[in-house]
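File shown here: coords.txt, holding compact mmCIF, C-alpha atoms.
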```
# COMPACT_ATOMS: atom_id res chain seq x y z
CA MET A 641 -37.21 38.26 8.81
CA THR A 642 -40.55 36.39 8.92
CA SER A 643 -40.91 32.93 10.42
CA THR A 644 -41.67 31.56 6.92
CA THR A 645 -38.49 33.06 5.50
CA THR A 646 -36.48 31.72 8.45
CA ALA A 647 -37.90 28.24 7.94
CA LYS A 648 -36.97 28.32 4.22
CA ALA A 649 -33.44 29.46 5.02
CA GLY A 650 -33.11 26.67 7.56
CA THR A 651 -34.30 24.14 4.99
CA ALA A 652 -31.77 25.44 2.47
CA ARG A 653 -28.97 25.11 5.00
CA LYS A 654 -30.00 21.54 5.79
CA LYS A 655 -29.84 20.64 2.11
CA THR A 656 -26.33 22.02 1.90
CA VAL A 657 -24.99 19.82 4.68
CA SER A 658 -27.29 16.82 4.31
CA LYS A 659 -25.46 13.55 4.74
CA PRO A 660 -25.46 10.63 2.30
CA GLU A 661 -27.91 7.83 3.00
CA ASN A 662 -26.67 5.37 5.67
CA SER A 663 -23.71 7.62 6.55
CA PRO A 664 -22.51 7.01 10.14
CA LEU A 665 -21.41 10.64 10.43
CA PRO A 666 -23.55 13.55 11.56
CA ALA A 667 -24.65 15.83 8.73
CA GLN A 668 -22.24 18.56 9.81
CA ALA A 669 -19.26 16.19 9.39
CA VAL A 670 -19.96 15.23 5.77
CA SER A 671 -17.83 17.21 3.35
CA ALA A 672 -19.33 18.52 0.14
CA ARG A 673 -15.87 18.37 -1.53
CA PRO A 674 -15.08 15.51 -3.93
CA MET A 675 -13.02 12.82 -2.20
CA ALA A 676 -9.95 13.31 -4.36
CA GLY A 677 -7.60 12.66 -1.45
CA ASP A 678 -8.07 8.89 -1.60
CA ILE A 679 -7.43 8.87 -5.34
CA ILE A 680 -4.21 10.84 -4.91
CA TYR A 681 -3.13 8.57 -2.06
CA GLU A 682 -3.81 5.39 -4.06
CA ARG A 683 -1.99 6.70 -7.12
CA ILE A 684 1.12 7.63 -5.13
CA LEU A 685 0.98 4.33 -3.24
CA THR A 686 0.66 2.32 -6.45
CA SER A 687 3.56 4.24 -7.95
CA ILE A 688 5.68 3.32 -4.93
CA MET A 689 4.67 -0.36 -5.11
CA GLU A 690 5.43 -0.47 -8.83
CA HIS A 691 8.83 1.19 -8.35
CA ARG A 692 7.71 4.21 -10.38
CA LEU A 693 8.45 6.54 -7.46
CA THR A 694 11.80 5.68 -5.94
CA PRO A 695 13.22 6.48 -2.48
CA GLY A 696 14.55 9.99 -2.21
CA THR A 697 12.17 11.48 -4.81
CA LYS A 698 10.93 14.90 -3.72
CA LEU A 699 7.13 15.34 -3.64
CA VAL A 700 6.62 18.99 -4.51
CA GLU A 701 3.24 20.25 -3.32
CA GLU A 702 2.74 22.66 -6.22
CA LYS A 703 3.55 20.00 -8.80
CA LEU A 704 1.23 17.46 -7.18
CA ALA A 705 -1.57 20.01 -6.95
CA GLY A 706 -1.20 20.69 -10.68
CA ILE A 707 -1.00 17.02 -11.63
CA PHE A 708 -4.17 16.12 -9.72
CA ASN A 709 -5.96 19.45 -10.24
CA VAL A 710 -6.55 20.02 -6.53
CA ASN A 711 -5.48 22.67 -4.06
CA ARG A 712 -2.34 22.37 -1.94
CA THR A 713 -4.38 21.77 1.21
CA ARG A 714 -5.64 18.50 -0.24
CA VAL A 715 -2.09 17.54 -1.20
CA ARG A 716 -0.86 18.26 2.33
CA GLU A 717 -3.57 15.97 3.74
CA VAL A 718 -2.34 13.12 1.56
CA LEU A 719 1.31 13.78 2.38
CA ALA A 720 0.48 13.80 6.09
CA ARG A 721 -1.19 10.39 5.73
CA LEU A 722 1.78 8.96 3.84
CA SER A 723 4.14 10.42 6.42
CA HIS A 724 2.15 8.82 9.26
CA GLU A 725 2.53 5.47 7.51
CA GLY A 726 6.29 5.97 7.16
CA LEU A 727 6.23 6.10 3.36
CA ILE A 728 7.49 9.65 3.08
CA THR A 729 9.88 11.73 5.14
CA THR A 730 9.29 15.43 5.74
CA ILE A 731 12.40 17.55 6.23
CA PRO A 732 11.91 21.09 7.60
CA ASN A 733 12.64 23.81 5.03
CA ARG A 734 13.25 21.17 2.35
CA GLY A 735 9.96 19.38 1.80
CA ALA A 736 8.59 15.84 1.55
CA PHE A 737 10.54 12.91 0.08
CA ILE A 738 9.79 9.26 -0.59
CA ALA A 739 11.29 7.46 2.41
CA SER A 740 14.64 5.71 2.14
CA PRO A 741 14.68 3.01 4.84
CA THR A 742 18.14 2.36 6.26
CA PRO A 743 19.46 -1.21 6.46
CA SER A 744 18.59 -1.35 10.18
CA GLU A 745 15.08 -0.06 9.46
CA ALA A 746 14.71 -2.62 6.69
CA ARG A 747 15.66 -5.45 9.04
CA ALA A 748 13.19 -4.15 11.63
CA ILE A 749 10.41 -4.22 9.03
CA PHE A 750 11.17 -7.83 8.14
CA ALA A 751 11.28 -8.70 11.84
CA ALA A 752 7.81 -7.16 12.25
CA ARG A 753 6.49 -9.16 9.31
CA ARG A 754 7.86 -12.38 10.79
CA LEU A 755 5.77 -11.68 13.89
CA ILE A 756 2.57 -10.54 12.19
CA GLU A 757 2.19 -12.77 9.15
CA PRO A 758 2.40 -16.11 10.98
CA ALA A 759 -0.42 -14.93 13.26
CA LEU A 760 -2.49 -14.01 10.21
CA LEU A 761 -1.88 -17.40 8.61
CA ARG A 762 -2.82 -19.35 11.74
CA HIS A 763 -6.07 -17.43 11.95
CA LEU A 764 -6.78 -17.87 8.23
CA CYS A 765 -6.12 -21.62 8.33
CA GLU A 766 -8.72 -21.95 11.09
CA GLN A 767 -11.42 -20.26 9.00
CA THR A 768 -10.27 -20.69 5.41
CA LYS A 769 -12.92 -21.05 2.71
CA PRO A 770 -12.66 -22.48 -0.80
CA GLU A 771 -13.12 -18.99 -2.24
CA HIS A 772 -10.09 -17.78 -0.27
CA VAL A 773 -7.90 -20.41 -1.90
CA ALA A 774 -9.40 -19.69 -5.32
CA GLN A 775 -8.74 -15.95 -4.96
CA LEU A 776 -5.12 -16.54 -3.91
CA ARG A 777 -4.52 -18.97 -6.78
CA ASP A 778 -5.99 -16.45 -9.21
CA HIS A 779 -3.67 -13.79 -7.79
CA VAL A 780 -0.63 -16.04 -8.26
CA ALA A 781 -1.78 -16.68 -11.83
CA GLN A 782 -1.68 -12.91 -12.41
CA GLU A 783 1.85 -12.86 -11.00
CA ALA A 784 2.82 -15.61 -13.47
CA GLN A 785 1.39 -13.59 -16.37
CA ALA A 786 3.38 -10.55 -15.26
CA ARG A 787 6.54 -12.66 -15.20
CA GLU A 788 5.85 -14.02 -18.68
CA ALA A 789 5.46 -10.43 -19.88
CA ASN A 790 8.60 -9.44 -17.97
CA ASP A 791 6.57 -6.64 -16.37
CA ARG A 792 8.75 -5.99 -13.35
CA ARG A 793 6.56 -3.21 -11.99
CA ALA A 794 3.50 -5.44 -12.01
CA ILE A 795 5.49 -8.32 -10.49
CA ILE A 796 6.55 -6.20 -7.52
CA ARG A 797 3.07 -4.73 -7.00
CA LEU A 798 1.30 -8.09 -7.23
CA SER A 799 3.86 -9.74 -4.94
CA GLY A 800 3.17 -7.16 -2.27
CA GLU A 801 -0.58 -7.37 -2.77
CA PHE A 802 -0.49 -11.16 -2.22
CA HIS A 803 0.40 -10.57 1.42
CA ILE A 804 -2.23 -7.83 1.76
CA ARG A 805 -4.89 -10.22 0.40
CA ILE A 806 -4.10 -12.73 3.13
CA ALA A 807 -4.51 -10.03 5.77
CA ASP A 808 -7.82 -8.90 4.24
CA MET A 809 -9.16 -12.47 4.36
CA VAL A 810 -8.70 -12.52 8.14
CA ASP A 811 -11.23 -9.67 8.23
CA ASN A 812 -9.41 -7.53 10.78
CA PRO A 813 -9.19 -3.90 9.55
CA VAL A 814 -6.36 -3.05 11.95
CA MET A 815 -4.23 -5.96 10.77
CA SER A 816 -5.05 -5.17 7.13
CA LYS A 817 -3.86 -1.59 7.61
CA MET A 818 -0.65 -2.75 9.28
CA MET A 819 0.04 -5.28 6.53
CA ARG A 820 -0.64 -2.70 3.83
CA GLU A 821 1.88 -0.33 5.39
CA LEU A 822 4.50 -3.05 5.88
CA ALA A 823 4.06 -4.30 2.31
CA SER A 824 4.47 -0.77 0.95
CA LEU A 825 7.59 -0.20 3.06
CA THR A 826 8.96 -3.52 1.84
CA CYS A 827 8.51 -2.32 -1.74
CA LEU A 828 10.62 0.72 -0.90
CA ILE A 829 13.25 -1.57 0.58
CA ILE A 830 13.27 -3.71 -2.56
CA VAL A 831 13.70 -0.58 -4.70
CA LEU A 832 16.75 0.38 -2.65
CA TYR A 833 18.43 -2.96 -2.09
CA ASP A 834 17.22 -5.52 -4.63
CA SER A 835 19.28 -6.62 -7.60
CA PRO A 836 17.41 -5.83 -10.85
CA THR A 837 18.02 -9.41 -12.04
CA VAL A 838 16.91 -11.18 -8.85
CA PRO A 839 13.18 -11.21 -8.01
CA ALA A 840 12.71 -10.86 -4.26
CA CYS A 841 9.26 -12.49 -4.31
CA THR A 842 8.93 -15.75 -6.22
CA HIS A 843 5.87 -17.43 -7.69
CA ASP A 844 6.73 -20.87 -6.24
CA GLU A 845 7.01 -19.60 -2.66
CA HIS A 846 3.57 -18.02 -2.80
CA GLY A 847 2.24 -21.28 -4.23
CA ASP A 848 3.67 -23.25 -1.29
CA ILE A 849 1.90 -20.94 1.15
CA ILE A 850 -1.41 -21.37 -0.70
CA ASN A 851 -1.08 -25.16 -0.70
CA ALA A 852 -0.63 -25.17 3.07
CA ILE A 853 -3.62 -22.85 3.54
CA ALA A 854 -5.75 -25.11 1.30
CA ALA A 855 -4.78 -28.11 3.43
CA GLY A 856 -5.55 -26.22 6.64
CA ASN A 857 -1.98 -26.90 7.76
CA ALA A 858 -1.19 -23.80 9.80
CA GLU A 859 2.30 -24.85 10.85
CA GLN A 860 3.35 -25.61 7.28
CA ALA A 861 1.87 -22.31 6.11
CA VAL A 862 3.81 -20.45 8.79
CA ALA A 863 7.03 -22.31 7.98
CA SER A 864 6.63 -21.49 4.28
CA MET A 865 5.96 -17.83 5.05
CA ILE A 866 8.99 -17.51 7.34
CA GLU A 867 11.18 -19.16 4.71
CA HIS A 868 9.72 -16.82 2.11
CA LEU A 869 10.41 -13.67 4.16
CA ASN A 870 13.90 -14.90 5.02
CA HIS A 871 14.60 -15.43 1.34
CA ILE A 872 13.45 -11.93 0.39
CA GLU A 873 15.69 -10.39 3.04
CA ALA A 874 18.64 -12.61 2.13
CA VAL A 875 18.76 -11.58 -1.54
CA LEU A 876 18.83 -7.88 -0.71
CA ASP A 877 22.12 -6.02 -0.92
CA MET A 878 22.05 -3.73 2.10
CA SER A 879 24.17 -0.99 0.58
CA VAL A 880 22.85 2.49 -0.09
CA PRO A 881 22.58 3.28 -3.83
CA PRO A 882 22.68 6.82 -5.21
CA SER A 883 19.28 8.49 -5.14
CA GLU A 884 17.68 9.64 -8.37
CA GLU A 885 15.21 12.47 -8.87
CA GLU A 886 12.01 11.28 -10.56
CA ASP A 887 9.80 13.36 -12.84
CA LEU A 888 6.55 13.54 -10.84
CA GLU A 889 4.41 14.50 -13.81
CA ALA A 890 5.76 11.64 -15.92
CA VAL A 891 5.18 9.14 -13.09
CA LEU A 892 1.84 10.30 -11.70
CA GLY A 893 0.22 12.13 -14.59
CA VAL A 894 -0.85 9.05 -16.53
CA MET A 895 -1.40 5.59 -15.05
```
Mind turning this structure into structure tokens?
Amino acid sequence: MTSTTTAKAGTARKKTVSKPENSPLPAQAVSARPMAGDIIYERILTSIMEHRLTPGTKLVEEKLAGIFNVNRTRVREVLARLSHEGLITTIPNRGAFIASPTPSEARAIFAARRLIEPALLRHLCEQTKPEHVAQLRDHVAQEAQAREANDRRAIIRLSGEFHIRIADMVDNPVMSKMMRELASLTCLIIVLYDSPTVPACTHDEHGDIINAIAAGNAEQAVASMIEHLNHIEAVLDMSVPPSEEEDLEAVLGVM
């Protein structure tokens, strides 16, 4: 092979693995595959937060691959991520299932939230901006609209996202990730133990937290949050309901 031919081949290879502009990764680490994994992850996560996928539902790799038009390797990557976050349980020789937190696990999750969320609020109250308060009030307005429409799925999702928004405003990616996982696990707990007629997250309690943030009153914000979390836990019936098998295609196929 001539030097000219070699140079052209090298150029062609570089084009194949060239990295996007401003990418922090070396060219060799940038995948040419479409990033479908994040879309699959977000759709499953949203379905959990909206109570569309309930605890105990089996996540069949072949079905998921068909629903999302991807290969099973991509599905396994997403399931591994969800498993790491505690949202699914993998049982050898049986498969992956939406997690079903036990009563003791549920109490541990609330205990973790009572440690983490006050710290987030104290930090936010020290650096709160008018746009933070405006964004939170807008979010609560969306919750109110969902309640007026009696859209229970949207109510649950928005209630969980309220807490994630607070974490995001602190601008700490690690804390945001932790809060996202805890909020998602809490949604699973609500699916299992909440009465269908009793909302675990109320509009007024979120409003009290916002008012304290707006006033820069960290201690009042913390007290309101603790009372809020205690209330959610108190209305739950910690008995194990029968598990139901969900139709994955019906839940995930169209959103």
Contact table range 670-768 of chain A vs range 865-878 of chain A, cut-off 9 Å, shortest pair per residue, only C-alpha atoms, as CSV:
```
residue,atom,partner,partner_atom,distance
A:Thr742,CA,A:Met878,CA,8.3
A:Pro743,CA,A:Met878,CA,5.7
A:Ala746,CA,A:Glu873,CA,8.6
A:Arg747,CA,A:Glu873,CA,7.8
A:Phe750,CA,A:Leu869,CA,7.1
A:Arg753,CA,A:Leu869,CA,7.9
A:Arg754,CA,A:Ile866,CA,6.3
A:Glu757,CA,A:Met865,CA,7.5
A:Pro758,CA,A:Met865,CA,7.1
A:Leu761,CA,A:Met865,CA,8.6
```
Self-check item: CA of Ile731 in chain A to CA of Thr713 in chain A, straight-line distance in Å
Solution: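 Result for CA of Thr713 in chain A versus CA of Ile731 in chain A: 18.0 Å, one decimal.
With CA of His772 in chain A on one side and CA of Met809 in chain A on the other, the separation reads 7.1 Å.
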Quiz item: How far is it from CA of Leu832 in chain A to CA of Arg692 in chain A, in Å with one decimal?
Solution: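 For CA of Leu832 in chain A relative to CA of Arg692 in chain A, the distance reads 12.5 Å.
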Quiz prompt | Given all atoms listed in the file as the counted atoms, nearest of A:Gln775, A:Asn851, A:Thr826, A:Ser879 to Gly726 in chain A | solution =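 Looking at the shortest contact to Gly726 in chain A, the residue is A:Thr826.
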Self-check item: Nearest residue to Lys769 in chain A from the set A:Ala855, A:Met689, A:Ile680, A:Ile829 (distances using all atoms listed in the file)
Solution: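 Distance minimum relative to Lys769 in chain A lands on A:Ala855.
For the residues A:Cys765, A:Ile849, A:Ala774, A:Leu822, ranking by smallest atom-to-atom distance to Ala751 in chain A using all atoms listed in the file places A:Leu822 first.
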Practice problem: Compare A:Glu783, A:Asp811, A:Asp834, A:Glu766 by their minimum atom-to-atom distance to Ala861 in chain A, counting all atoms listed in the file, and give me the closest one. | Solution: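 Looking at the shortest contact to Ala861 in chain A, the residue is A:Glu766.
Closest approach to Arg777 in chain A from the set A:Ser816, A:Val831, A:Ala854, A:Leu719 is made by A:Ala854, with distances taken over all atoms listed in the file.
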Range 760-800 of chain A dumped to file, N, CA and C atoms, as a PDB file, in the first residue's frame:
```pdb
ATOM      1  N   LEU A 760     -30.524  20.400  51.770  1.00  0.00           N
ATOM      2  CA  LEU A 760     -30.749  21.078  50.497  1.00  0.00           C
ATOM      3  C   LEU A 760     -31.457  22.409  50.709  1.00  0.00           C
ATOM      4  N   LEU A 761     -32.460  22.418  51.566  1.00  0.00           N
ATOM      5  CA  LEU A 761     -33.229  23.643  51.799  1.00  0.00           C
ATOM      6  C   LEU A 761     -32.380  24.721  52.476  1.00  0.00           C
ATOM      7  N   ARG A 762     -31.560  24.331  53.433  1.00  0.00           N
ATOM      8  CA  ARG A 762     -30.702  25.324  54.092  1.00  0.00           C
ATOM      9  C   ARG A 762     -29.768  25.972  53.083  1.00  0.00           C
ATOM     10  N   HIS A 763     -29.225  25.155  52.205  1.00  0.00           N
ATOM     11  CA  HIS A 763     -28.311  25.680  51.187  1.00  0.00           C
ATOM     12  C   HIS A 763     -29.071  26.579  50.211  1.00  0.00           C
ATOM     13  N   LEU A 764     -30.260  26.162  49.808  1.00  0.00           N
ATOM     14  CA  LEU A 764     -31.040  26.948  48.854  1.00  0.00           C
ATOM     15  C   LEU A 764     -31.462  28.287  49.460  1.00  0.00           C
ATOM     16  N   CYS A 765     -31.851  28.290  50.725  1.00  0.00           N
ATOM     17  CA  CYS A 765     -32.276  29.534  51.367  1.00  0.00           C
ATOM     18  C   CYS A 765     -31.128  30.546  51.460  1.00  0.00           C
ATOM     19  N   GLU A 766     -29.911  30.061  51.500  1.00  0.00           N
ATOM     20  CA  GLU A 766     -28.746  30.957  51.553  1.00  0.00           C
ATOM     21  C   GLU A 766     -28.470  31.614  50.202  1.00  0.00           C
ATOM     22  N   GLN A 767     -28.899  30.973  49.123  1.00  0.00           N
ATOM     23  CA  GLN A 767     -28.564  31.480  47.789  1.00  0.00           C
ATOM     24  C   GLN A 767     -29.781  31.592  46.880  1.00  0.00           C
ATOM     25  N   THR A 768     -30.966  31.626  47.473  1.00  0.00           N
ATOM     26  CA  THR A 768     -32.175  31.632  46.648  1.00  0.00           C
ATOM     27  C   THR A 768     -32.268  32.896  45.806  1.00  0.00           C
ATOM     28  N   LYS A 769     -32.851  32.738  44.620  1.00  0.00           N
ATOM     29  CA  LYS A 769     -33.035  33.842  43.684  1.00  0.00           C
ATOM     30  C   LYS A 769     -34.522  33.964  43.360  1.00  0.00           C
ATOM     31  N   PRO A 770     -34.954  35.145  42.946  1.00  0.00           N
ATOM     32  CA  PRO A 770     -36.375  35.304  42.605  1.00  0.00           C
ATOM     33  C   PRO A 770     -36.854  34.289  41.565  1.00  0.00           C
ATOM     34  N   GLU A 771     -35.971  33.954  40.604  1.00  0.00           N
ATOM     35  CA  GLU A 771     -36.395  32.993  39.587  1.00  0.00           C
ATOM     36  C   GLU A 771     -36.618  31.600  40.166  1.00  0.00           C
ATOM     37  N   HIS A 772     -35.881  31.261  41.236  1.00  0.00           N
ATOM     38  CA  HIS A 772     -36.114  29.977  41.896  1.00  0.00           C
ATOM     39  C   HIS A 772     -37.538  29.910  42.437  1.00  0.00           C
ATOM     40  N   VAL A 773     -37.921  30.960  43.147  1.00  0.00           N
ATOM     41  CA  VAL A 773     -39.263  31.004  43.736  1.00  0.00           C
ATOM     42  C   VAL A 773     -40.322  30.979  42.641  1.00  0.00           C
ATOM     43  N   ALA A 774     -40.088  31.734  41.566  1.00  0.00           N
ATOM     44  CA  ALA A 774     -41.043  31.775  40.460  1.00  0.00           C
ATOM     45  C   ALA A 774     -41.204  30.399  39.821  1.00  0.00           C
ATOM     46  N   GLN A 775     -40.093  29.696  39.637  1.00  0.00           N
ATOM     47  CA  GLN A 775     -40.148  28.360  39.033  1.00  0.00           C
ATOM     48  C   GLN A 775     -40.914  27.385  39.920  1.00  0.00           C
ATOM     49  N   LEU A 776     -40.688  27.457  41.233  1.00  0.00           N
ATOM     50  CA  LEU A 776     -41.382  26.558  42.151  1.00  0.00           C
ATOM     51  C   LEU A 776     -42.876  26.878  42.211  1.00  0.00           C
ATOM     52  N   ARG A 777     -43.217  28.160  42.188  1.00  0.00           N
ATOM     53  CA  ARG A 777     -44.641  28.534  42.199  1.00  0.00           C
ATOM     54  C   ARG A 777     -45.319  28.071  40.903  1.00  0.00           C
ATOM     55  N   ASP A 778     -44.619  28.198  39.799  1.00  0.00           N
ATOM     56  CA  ASP A 778     -45.165  27.720  38.531  1.00  0.00           C
ATOM     57  C   ASP A 778     -45.388  26.208  38.569  1.00  0.00           C
ATOM     58  N   HIS A 779     -44.454  25.500  39.201  1.00  0.00           N
ATOM     59  CA  HIS A 779     -44.582  24.042  39.305  1.00  0.00           C
ATOM     60  C   HIS A 779     -45.804  23.679  40.141  1.00  0.00           C
ATOM     61  N   VAL A 780     -46.009  24.388  41.257  1.00  0.00           N
ATOM     62  CA  VAL A 780     -47.159  24.110  42.110  1.00  0.00           C
ATOM     63  C   VAL A 780     -48.463  24.449  41.375  1.00  0.00           C
ATOM     64  N   ALA A 781     -48.411  25.453  40.510  1.00  0.00           N
ATOM     65  CA  ALA A 781     -49.590  25.781  39.706  1.00  0.00           C
ATOM     66  C   ALA A 781     -49.932  24.623  38.765  1.00  0.00           C
ATOM     67  N   GLN A 782     -48.900  23.971  38.216  1.00  0.00           N
ATOM     68  CA  GLN A 782     -49.136  22.798  37.375  1.00  0.00           C
ATOM     69  C   GLN A 782     -49.749  21.657  38.182  1.00  0.00           C
ATOM     70  N   GLU A 783     -49.292  21.501  39.435  1.00  0.00           N
ATOM     71  CA  GLU A 783     -49.876  20.490  40.310  1.00  0.00           C
ATOM     72  C   GLU A 783     -51.356  20.777  40.524  1.00  0.00           C
ATOM     73  N   ALA A 784     -51.696  22.062  40.744  1.00  0.00           N
ATOM     74  CA  ALA A 784     -53.087  22.447  40.974  1.00  0.00           C
ATOM     75  C   ALA A 784     -53.941  22.133  39.754  1.00  0.00           C
ATOM     76  N   GLN A 785     -53.409  22.380  38.566  1.00  0.00           N
ATOM     77  CA  GLN A 785     -54.144  22.067  37.332  1.00  0.00           C
ATOM     78  C   GLN A 785     -54.385  20.566  37.209  1.00  0.00           C
ATOM     79  N   ALA A 786     -53.375  19.779  37.576  1.00  0.00           N
ATOM     80  CA  ALA A 786     -53.530  18.323  37.523  1.00  0.00           C
ATOM     81  C   ALA A 786     -54.602  17.858  38.499  1.00  0.00           C
ATOM     82  N   ARG A 787     -54.683  18.504  39.657  1.00  0.00           N
ATOM     83  CA  ARG A 787     -55.706  18.139  40.632  1.00  0.00           C
ATOM     84  C   ARG A 787     -57.096  18.517  40.124  1.00  0.00           C
ATOM     85  N   GLU A 788     -57.204  19.683  39.502  1.00  0.00           N
ATOM     86  CA  GLU A 788     -58.497  20.099  38.953  1.00  0.00           C
ATOM     87  C   GLU A 788     -58.963  19.126  37.873  1.00  0.00           C
ATOM     88  N   ALA A 789     -58.003  18.599  37.113  1.00  0.00           N
ATOM     89  CA  ALA A 789     -58.338  17.634  36.058  1.00  0.00           C
ATOM     90  C   ALA A 789     -58.456  16.218  36.604  1.00  0.00           C
ATOM     91  N   ASN A 790     -58.196  16.051  37.899  1.00  0.00           N
ATOM     92  CA  ASN A 790     -58.217  14.732  38.534  1.00  0.00           C
ATOM     93  C   ASN A 790     -57.287  13.753  37.821  1.00  0.00           C
ATOM     94  N   ASP A 791     -56.136  14.284  37.382  1.00  0.00           N
ATOM     95  CA  ASP A 791     -55.131  13.477  36.687  1.00  0.00           C
ATOM     96  C   ASP A 791     -54.145  12.946  37.728  1.00  0.00           C
ATOM     97  N   ARG A 792     -54.484  11.798  38.288  1.00  0.00           N
ATOM     98  CA  ARG A 792     -53.689  11.272  39.400  1.00  0.00           C
ATOM     99  C   ARG A 792     -52.253  10.967  38.994  1.00  0.00           C
ATOM    100  N   ARG A 793     -52.063  10.465  37.779  1.00  0.00           N
ATOM    101  CA  ARG A 793     -50.711  10.158  37.333  1.00  0.00           C
ATOM    102  C   ARG A 793     -49.858  11.414  37.288  1.00  0.00           C
ATOM    103  N   ALA A 794     -50.420  12.488  36.746  1.00  0.00           N
ATOM    104  CA  ALA A 794     -49.670  13.744  36.672  1.00  0.00           C
ATOM    105  C   ALA A 794     -49.429  14.311  38.068  1.00  0.00           C
ATOM    106  N   ILE A 795     -50.394  14.158  38.954  1.00  0.00           N
ATOM    107  CA  ILE A 795     -50.239  14.657  40.327  1.00  0.00           C
ATOM    108  C   ILE A 795     -49.036  14.005  40.998  1.00  0.00           C
ATOM    109  N   ILE A 796     -48.960  12.675  40.891  1.00  0.00           N
ATOM    110  CA  ILE A 796     -47.868  11.945  41.529  1.00  0.00           C
ATOM    111  C   ILE A 796     -46.525  12.336  40.916  1.00  0.00           C
ATOM    112  N   ARG A 797     -46.476  12.395  39.576  1.00  0.00           N
ATOM    113  CA  ARG A 797     -45.216  12.744  38.911  1.00  0.00           C
ATOM    114  C   ARG A 797     -44.762  14.150  39.289  1.00  0.00           C
ATOM    115  N   LEU A 798     -45.668  15.115  39.231  1.00  0.00           N
ATOM    116  CA  LEU A 798     -45.321  16.497  39.540  1.00  0.00           C
ATOM    117  C   LEU A 798     -44.933  16.665  41.006  1.00  0.00           C
ATOM    118  N   SER A 799     -45.602  15.923  41.891  1.00  0.00           N
ATOM    119  CA  SER A 799     -45.264  15.998  43.312  1.00  0.00           C
ATOM    120  C   SER A 799     -43.834  15.536  43.562  1.00  0.00           C
ATOM    121  N   GLY A 800     -43.451  14.451  42.890  1.00  0.00           N
ATOM    122  CA  GLY A 800     -42.076  13.982  43.024  1.00  0.00           C
ATOM    123  C   GLY A 800     -41.084  14.938  42.399  1.00  0.00           C
TER     124      GLY A 800
END
```
